[in-house]
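Student: My file is entry18.cif. It has mmCIF, C-alpha atoms:
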```
data_protein
loop_
_atom_site.label_atom_id
_atom_site.label_comp_id
_atom_site.auth_asym_id
_atom_site.auth_seq_id
_atom_site.Cartn_x
_atom_site.Cartn_y
_atom_site.Cartn_z
CA MET E 194 -51.02 -102.74 -26.02
CA SER E 195 -48.43 -100.03 -25.65
CA GLU E 196 -45.79 -102.60 -25.03
CA TYR E 197 -46.13 -103.62 -28.58
CA LEU E 198 -46.11 -100.11 -30.09
CA PRO E 199 -43.38 -99.35 -32.40
CA GLN E 200 -40.27 -97.75 -30.98
CA GLU E 201 -40.78 -94.58 -33.05
CA ASN E 202 -44.12 -93.87 -31.40
CA VAL E 203 -42.64 -94.14 -27.91
CA GLN E 204 -39.90 -91.66 -28.72
CA ALA E 205 -42.37 -89.29 -30.32
CA SER E 206 -44.52 -89.23 -27.19
CA GLN E 207 -41.54 -88.39 -24.97
CA THR E 208 -40.16 -85.45 -27.09
CA PRO E 209 -42.76 -82.76 -26.15
CA SER E 210 -42.14 -83.38 -22.46
CA LEU E 211 -38.40 -82.90 -22.84
CA GLN E 212 -38.86 -79.77 -24.89
CA SER E 213 -41.15 -78.25 -22.27
CA SER E 214 -38.61 -78.95 -19.52
CA THR E 215 -35.82 -77.35 -21.54
CA SER E 216 -37.88 -74.23 -22.27
CA SER E 217 -38.67 -73.81 -18.59
CA SER E 218 -34.97 -74.03 -17.70
CA LYS E 219 -34.13 -71.39 -20.26
CA ARG E 220 -36.73 -69.04 -18.88
CA LYS E 221 -35.37 -69.51 -15.39
CA MET E 222 -31.85 -68.74 -16.63
CA LEU E 223 -33.15 -65.66 -18.42
CA TYR E 224 -34.89 -64.44 -15.29
CA LEU E 225 -31.77 -65.05 -13.29
CA VAL E 226 -29.66 -63.13 -15.77
CA LEU E 227 -32.14 -60.26 -15.80
CA ALA E 228 -32.17 -60.22 -12.02
CA LEU E 229 -28.38 -60.12 -11.96
CA LEU E 230 -28.35 -57.34 -14.52
CA LEU E 231 -30.89 -55.39 -12.49
CA VAL E 232 -28.76 -55.81 -9.37
CA LEU E 233 -25.68 -54.71 -11.30
CA VAL E 234 -27.54 -51.68 -12.64
CA MET E 235 -28.65 -50.76 -9.14
CA ILE E 236 -25.13 -51.19 -7.78
CA LEU E 237 -23.74 -49.15 -10.66
CA GLY E 238 -26.34 -46.44 -10.07
CA ALA E 239 -25.43 -46.34 -6.39
CA LEU E 240 -21.73 -46.07 -7.26
CA VAL E 241 -22.42 -43.27 -9.72
CA GLY E 242 -24.50 -41.44 -7.10
CA ILE E 243 -21.72 -41.80 -4.53
CA ILE E 244 -19.17 -40.54 -7.04
CA LEU E 245 -21.35 -37.56 -7.96
CA LEU E 246 -21.92 -36.66 -4.32
CA ARG E 247 -18.21 -36.89 -3.59
CA SER E 248 -17.42 -34.80 -6.65
CA LYS E 249 -19.93 -32.17 -5.55
CA SER E 250 -18.50 -32.17 -2.06
CA ASP E 251 -14.96 -31.79 -3.41
CA SER E 252 -16.17 -29.00 -5.73
CA ASP E 253 -17.83 -27.14 -2.84
CA ALA E 254 -14.69 -27.50 -0.75
CA GLU E 255 -12.59 -26.14 -3.62
CA ASN E 256 -15.01 -23.23 -4.03
CA ASP E 257 -14.78 -22.50 -0.31
CA GLU E 258 -10.99 -22.62 -0.45
CA THR E 259 -11.02 -20.37 -3.52
CA ALA E 260 -13.30 -17.87 -1.74
CA VAL E 261 -11.07 -17.93 1.34
CA SER E 262 -8.00 -17.45 -0.84
CA GLN E 263 -9.64 -14.54 -2.66
CA THR E 264 -10.63 -13.01 0.67
CA GLU E 265 -7.08 -13.41 1.94
CA ILE E 266 -5.71 -11.91 -1.26
CA THR E 267 -8.11 -8.96 -0.98
CA THR E 268 -7.18 -8.49 2.67
CA ASP E 269 -3.48 -8.67 1.80
CA GLU E 270 -4.01 -6.16 -0.99
CA GLU E 271 -5.87 -3.80 1.37
CA GLU E 272 -3.15 -4.22 3.98
CA GLY E 273 -0.58 -3.52 1.28
CA VAL E 274 -2.43 -0.36 0.27
CA ARG E 275 -2.63 0.77 3.89
CA VAL E 276 1.06 0.04 4.38
CA GLU E 277 1.88 1.99 1.23
CA GLU E 278 -0.31 4.90 2.39
CA GLU E 279 1.33 4.86 5.81
CA GLY E 280 4.72 4.72 4.13
CA VAL E 281 3.83 7.75 2.00
CA GLN E 282 2.52 9.58 5.08
CA ASN E 283 5.70 8.75 6.99
CA GLU E 284 7.78 9.97 4.08
CA GLU E 285 5.79 13.23 4.05
CA ASP E 286 6.26 13.57 7.81
CA ASP E 287 9.98 12.87 7.42
CA THR E 288 10.11 15.44 4.65
CA ASP E 289 8.41 17.99 6.90
CA ASP E 290 10.83 17.14 9.69
CA GLU E 291 13.76 17.56 7.33
CA GLN E 292 12.70 21.04 6.26
CA PRO E 293 15.29 23.61 7.32
CA PRO E 294 14.34 25.64 10.38
CA GLN E 295 12.96 29.06 9.68
CA ASP E 296 14.93 32.07 10.66
CA ASN E 297 12.88 33.84 13.33
CA ASN E 298 15.09 36.89 13.01
CA GLN E 299 14.16 37.66 9.43
CA VAL E 300 12.91 41.14 8.70
CA GLY E 301 9.15 41.00 8.33
CA ASP E 302 8.57 43.88 5.91
CA GLU E 303 10.27 46.63 3.91
CA THR E 304 10.16 49.05 6.84
CA GLY E 305 12.61 46.88 8.77
CA GLN E 306 10.12 46.04 11.50
CA ASP E 307 10.77 42.74 13.27
CA THR E 308 7.66 40.59 12.91
CA ASP E 309 8.68 38.01 15.51
CA LYS E 310 6.08 38.33 18.26
CA ASP E 311 8.48 36.88 20.83
CA GLU E 312 10.85 39.78 20.12
CA PHE E 313 8.16 42.46 20.27
CA ASP E 314 9.16 45.35 22.51
CA MET E 315 6.11 46.63 24.36
CA THR E 316 7.89 49.89 25.18
CA SER E 317 7.98 50.80 21.47
CA LEU E 318 4.41 52.09 21.86
CA TRP E 319 4.93 53.73 25.26
CA PRO E 320 5.44 57.45 25.84
CA THR E 321 8.77 58.73 27.20
CA TYR E 322 9.48 60.75 30.34
CA ASP E 323 12.63 62.85 29.89
CA ASN E 324 14.29 64.68 32.78
CA ALA E 325 16.88 67.07 31.39
CA THR E 326 17.92 68.29 34.86
CA TYR E 327 19.22 64.90 36.02
CA LYS E 328 19.83 63.63 32.46
CA PHE E 329 17.81 60.45 32.34
CA LYS E 330 14.71 59.24 30.51
CA LEU E 331 12.42 56.25 30.72
CA LYS E 332 9.31 54.85 29.11
CA TYR E 333 6.04 54.16 30.92
CA PRO E 334 2.76 52.38 30.03
CA LYS E 335 0.17 54.27 28.04
CA GLY E 336 -2.61 55.74 30.15
CA LEU E 337 -0.31 56.88 32.96
CA MET E 338 0.57 60.50 33.67
CA PRO E 339 3.83 61.65 35.38
CA ASP E 340 3.29 64.04 38.31
CA GLU E 341 6.43 65.88 39.56
CA GLN E 342 6.82 67.41 43.00
CA ASN E 343 9.57 68.08 45.51
CA ILE E 344 8.73 66.26 48.70
CA ASP E 345 11.69 67.92 50.47
CA SER E 346 14.74 69.98 49.58
CA SER E 347 16.75 66.91 48.59
CA THR E 348 14.12 64.74 46.93
CA LEU E 349 12.30 65.07 43.62
CA GLU E 350 9.36 62.69 43.33
CA VAL E 351 7.72 61.72 40.01
CA ALA E 352 4.56 59.67 40.49
CA PHE E 353 3.24 57.78 37.47
CA GLU E 354 -0.47 57.33 37.98
CA ALA E 355 -3.84 56.98 36.26
CA GLY E 356 -6.49 58.71 38.33
CA ASP E 357 -6.34 57.20 41.82
CA LEU E 358 -4.16 54.30 40.65
CA LEU E 359 -0.47 54.69 41.44
CA ALA E 360 1.65 52.48 39.16
CA PHE E 361 5.23 53.38 40.16
CA THR E 362 7.22 56.19 41.74
CA VAL E 363 10.63 57.66 40.85
CA TRP E 364 12.82 59.53 43.32
CA VAL E 365 15.88 61.57 42.56
CA LYS E 366 17.49 61.96 45.98
CA GLN E 367 20.64 63.77 47.04
CA GLY E 368 22.67 62.78 50.06
CA GLY E 369 22.64 59.80 52.35
CA GLN E 370 23.45 56.16 51.49
CA LEU E 371 21.78 54.34 48.62
CA ASP E 372 20.74 51.28 50.64
CA ASN E 373 19.29 53.41 53.42
CA ASN E 374 17.40 55.57 50.94
CA LEU E 375 15.96 52.47 49.22
CA GLN E 376 14.79 51.06 52.54
CA LEU E 377 13.28 54.41 53.47
CA MET E 378 11.45 54.52 50.14
CA ILE E 379 9.53 51.27 50.81
CA ALA E 380 9.27 51.43 54.61
CA ILE E 381 5.78 51.18 56.02
CA GLN E 382 4.51 50.56 59.49
CA CYS E 383 4.11 46.82 58.76
CA SER E 384 7.68 46.35 57.50
CA GLN E 385 9.36 43.51 59.33
CA SER E 386 12.66 43.42 57.43
CA VAL E 387 14.15 44.52 54.11
CA SER E 388 16.52 42.36 52.05
CA MET E 389 19.12 43.88 49.71
CA ALA E 390 20.54 42.45 46.47
CA ASP E 391 21.93 43.46 43.07
CA ALA E 392 19.84 43.25 39.89
CA SER E 393 20.62 44.07 36.25
CA TYR E 394 18.23 45.81 33.83
CA GLY E 395 18.98 47.41 30.48
CA GLY E 396 22.70 46.83 30.91
CA TYR E 397 22.87 48.68 34.24
CA THR E 398 23.29 47.26 37.72
CA TYR E 399 20.81 48.41 40.38
CA ARG E 400 20.52 47.83 44.09
CA LYS E 401 17.23 46.17 44.94
CA ALA E 402 15.43 46.47 48.26
CA LEU E 403 12.63 43.95 48.93
CA ASP E 404 10.22 44.52 51.80
CA GLU E 405 9.26 41.50 53.92
CA PRO E 406 6.23 42.71 55.87
CA ASP E 407 4.43 41.32 58.87
CA GLU E 408 1.46 39.55 57.30
CA GLN E 409 -0.62 39.78 60.48
CA CYS E 410 -0.08 43.53 60.52
CA LEU E 411 -1.19 43.79 56.89
CA GLN E 412 -4.36 41.84 57.67
CA GLN E 413 -5.18 44.05 60.63
CA LEU E 414 -4.80 47.16 58.46
CA GLY E 415 -6.76 45.58 55.60
CA ILE E 416 -3.79 45.89 53.21
CA THR E 417 -3.64 43.45 50.30
CA ARG E 418 -0.54 43.06 48.15
CA ASP E 419 -0.62 41.50 44.70
CA GLN E 420 3.17 41.64 44.27
CA PRO E 421 6.24 42.20 46.44
CA PHE E 422 6.93 45.77 47.54
CA ALA E 423 10.36 46.61 46.07
CA SER E 424 12.56 49.57 45.14
CA PHE E 425 15.52 49.85 42.78
CA GLY E 426 18.29 52.46 42.66
CA ARG E 427 21.73 53.43 41.37
CA VAL E 428 24.16 56.28 41.67
CA ILE E 429 23.78 58.88 38.88
CA GLY E 430 26.03 61.62 40.26
CA SER E 431 27.92 62.84 43.30
CA SER E 432 25.76 61.65 46.22
CA THR E 433 22.79 61.66 43.84
CA TYR E 434 20.63 58.58 43.38
CA LEU E 435 17.91 57.61 40.98
CA MET E 436 15.41 55.29 42.66
CA LEU E 437 12.21 53.61 41.49
CA ARG E 438 9.50 51.97 43.59
CA ASN E 439 6.94 49.55 42.18
CA ASP E 440 3.46 50.44 43.40
CA GLY E 441 1.21 48.52 41.00
CA LEU E 442 3.04 47.30 37.89
CA ILE E 443 3.04 43.65 36.99
CA ASP E 444 6.46 41.99 36.76
CA GLU E 445 6.62 42.23 32.96
CA GLN E 446 5.82 45.96 32.97
CA LEU E 447 8.26 46.61 35.82
CA GLU E 448 11.11 44.93 33.97
CA ALA E 449 10.23 46.84 30.79
CA VAL E 450 10.28 50.20 32.60
CA LEU E 451 13.62 49.45 34.32
CA GLY E 452 15.09 48.20 31.03
CA SER E 453 14.03 51.37 29.24
CA ILE E 454 15.93 53.79 31.50
CA GLU E 455 18.68 55.65 29.68
CA TYR E 456 21.26 58.05 31.05
CA TYR E 457 22.94 60.86 29.10
#
```
Would you kindly transcribe this structure into structure tokens?
Tutor:
Amino acid sequence: MSEYLPQENVQASQTPSLQSSTSSSKRKMLYLVLALLLVLVMILGALVGIILLRSKSDSDAENDETAVSQTEITTDEEEGVRVEEEGVQNEEDDTDDEQPPQDNNQVGDETGQDTDKDEFDMTSLWPTYDNATYKFKLKYPKGLMPDEQNIDSSTLEVAFEAGDLLAFTVWVKQGGQLDNNLQLMIAIQCSQSVSMADASYGGYTYRKALDEPDEQCLQQLGITRDQPFASFGRVIGSSTYLMLRNDGLIDEQLEAVLGSIEYY
């Protein structure tokens, strides 16, 4: 019967089927487009995330470089300050070095006393022994007492002592030879030899006799010497000699006593 249906009815029956097929195709295309868009969005999101991470990494690196630069600048500034301080200190040291030397010979006070300790004369506080008979005087350490006696008709002895301590002895001897008298003055039973030489004190030249004893002899006698046994002498008149023997003075005191002798 359908073979004899009008053409319009056949076309009308086929139209809904075509429309349904077309609608299905459109939906598939829409889904495909949405899927593509979703993929693009995901790719774009991933790209944005990568860019943000890289930007953050670059920012952290820049911050680290900035911190390092600031640290280096601070260190350089501190070094510069230290260099400047050292330069100032060196300039001060140079200034101190360039100061003119002080005059050690300046008068220390209105009395005219010399305040330089190196130039202090210890004998300025010592008492004076004055012998008007033989016209000489000398200074001796405080605490000593001079004891005069004639040990024979030609020899005046002045012993400078403090109690039992004998510091030095002065002889004024007439006659004989100076060198022999000096050797006699220091001769003891342990003397092995005596050497002679010239020495200058206080602007005067003296003969010096130095005893060289037998050390074994000294030990046997129980004698201990803290300094060499020596005597000094010079001519002060016709066959008259002033002689001094060191019995217990230290070298500095001995030189001060010899340097203090004056003749008039």
Student: Quick one, how far is CA of Asn373 in chain E from CA of Leu451 in chain E?
Tutor: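 It comes out at 20.3 Å.
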Student: For a quick check of understanding, using all atoms listed in the file, which of E:Gln385, E:Thr348, E:Thr215, E:Thr321 has the smallest distance to Leu411 in chain E?
Tutor: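 Nearest to Leu411 in chain E: E:Gln385.
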Student: Could you list, as number ranges by chain, every residue matched by the PyMOL selection byres ((chain E and resi 333) around 12) in this structure?
Tutor: E: 315-323, 330-332, 334-339, 351-355, 360-363, 442, 446-454
Student: Name the closest residue to Phe422 in chain E among the candidates E:Ala380, E:Cys410, E:Met436, E:Leu371; distances are taken between atoms, counting all atoms listed in the file.
Tutor: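 Checking each candidate against Phe422 in chain E, we get E:Ala380 as the closest.
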Student: Please write as a ChimeraX atom specification the list of polymer residues whose atoms come within 8 Å of (17.6, 62.9, 28.0), counting only C-alpha atoms and keeping to the coordinates of the file.
Tutor: /E:323-325,328-330,455-457
Student: Any chance you can output those residues with C-alpha atoms as a PDB file, keeping the file's coordinate frame?
Tutor:
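File again_11.pdb, as written:
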```pdb
ATOM      1  CA  ASP E 323      12.630  62.850  29.890  1.00  0.00           C
ATOM      2  CA  ASN E 324      14.290  64.680  32.780  1.00  0.00           C
ATOM      3  CA  ALA E 325      16.880  67.070  31.390  1.00  0.00           C
ATOM      4  CA  LYS E 328      19.830  63.630  32.460  1.00  0.00           C
ATOM      5  CA  PHE E 329      17.810  60.450  32.340  1.00  0.00           C
ATOM      6  CA  LYS E 330      14.710  59.240  30.510  1.00  0.00           C
ATOM      7  CA  GLU E 455      18.680  55.650  29.680  1.00  0.00           C
ATOM      8  CA  TYR E 456      21.260  58.050  31.050  1.00  0.00           C
ATOM      9  CA  TYR E 457      22.940  60.860  29.100  1.00  0.00           C
TER      10      TYR E 457
END
```
Student: Give me, please, the distance in Å between CA of Asp372 in chain E and CA of Gly426 in chain E, quoted to one decimal.
Tutor: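 That distance, rounded to one decimal, is 8.4 Å.
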Student: Restricting the calculation to all atoms listed in the file, which member of E:Tyr327, E:Tyr224, E:Phe425, E:Tyr394 is positioned closest to Gln376 in chain E?
Tutor: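 So, comparing all the options, the nearest one is E:Phe425.
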Student: List the residues matched by the PyMOL selection byres ((chain E and resi 403-407) around 6) in the displayed structure as a compact mmCIF listing (two decimals) with C-alpha atoms, in the coordinates of the input, ordered by chain and then by residue number.
Tutor:
```txt
# COMPACT_ATOMS: atom_id res chain seq x y z
CA CYS E 383 4.11 46.82 58.76
CA SER E 384 7.68 46.35 57.50
CA GLN E 385 9.36 43.51 59.33
CA SER E 386 12.66 43.42 57.43
CA VAL E 387 14.15 44.52 54.11
CA SER E 388 16.52 42.36 52.05
CA ALA E 402 15.43 46.47 48.26
CA GLU E 408 1.46 39.55 57.30
CA GLN E 409 -0.62 39.78 60.48
CA CYS E 410 -0.08 43.53 60.52
CA PHE E 422 6.93 45.77 47.54
CA ALA E 423 10.36 46.61 46.07
```
Student: Report, as lines of an AutoDock Vina configuration file, the axis-aligned box around all atoms of range 235-252 of chain E present in the file, extended by 3 Å on each side; give centre and edge lengths in Å to one decimal place.
Tutor:
```
center_x = -21.8
center_y = -40.1
center_z = -6.4
size_x = 19.7
size_y = 28.2
size_z = 14.6
```
Student: Kindly give the distance, in Å, that separates CA of Leu359 in chain E and CA of Phe313 in chain E, rounded to a single decimal.
Tutor: 25.9 Å
Student: Apply the PyMOL selection byres ((chain E and resi 432) around 8) to the file shown and report the selected residues as number ranges by chain.
Tutor: E: 367-370, 428, 430-431, 433-434
Student: The selected residues should be written to file as an mmCIF file, keeping the file's coordinate frame (atoms: C-alpha atoms).
Tutor:
```cif
data_model
loop_
_atom_site.group_PDB
_atom_site.id
_atom_site.type_symbol
_atom_site.label_atom_id
_atom_site.label_comp_id
_atom_site.auth_asym_id
_atom_site.auth_seq_id
_atom_site.Cartn_x
_atom_site.Cartn_y
_atom_site.Cartn_z
ATOM 1 C CA GLN E 367 20.640 63.770 47.040
ATOM 2 C CA GLY E 368 22.670 62.780 50.060
ATOM 3 C CA GLY E 369 22.640 59.800 52.350
ATOM 4 C CA GLN E 370 23.450 56.160 51.490
ATOM 5 C CA VAL E 428 24.160 56.280 41.670
ATOM 6 C CA GLY E 430 26.030 61.620 40.260
ATOM 7 C CA SER E 431 27.920 62.840 43.300
ATOM 8 C CA THR E 433 22.790 61.660 43.840
ATOM 9 C CA TYR E 434 20.630 58.580 43.380
#
```
Student: Show me, as a ChimeraX atom specification, the residues that have an atom within 6 Å of Trp364 in chain E when counting only C-alpha atoms, minus same-chain residues fewer than 3 positions from it.
Tutor: /E:349-350,435-436
Student: Got time to write the residues from that selection, C-alpha atoms, as a compact mmCIF listing (two decimals), keeping the file's coordinate frame?
Tutor:
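Dumped to result.txt:
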```
# COMPACT_ATOMS: atom_id res chain seq x y z
CA LEU E 349 12.30 65.07 43.62
CA GLU E 350 9.36 62.69 43.33
CA LEU E 435 17.91 57.61 40.98
CA MET E 436 15.41 55.29 42.66
```
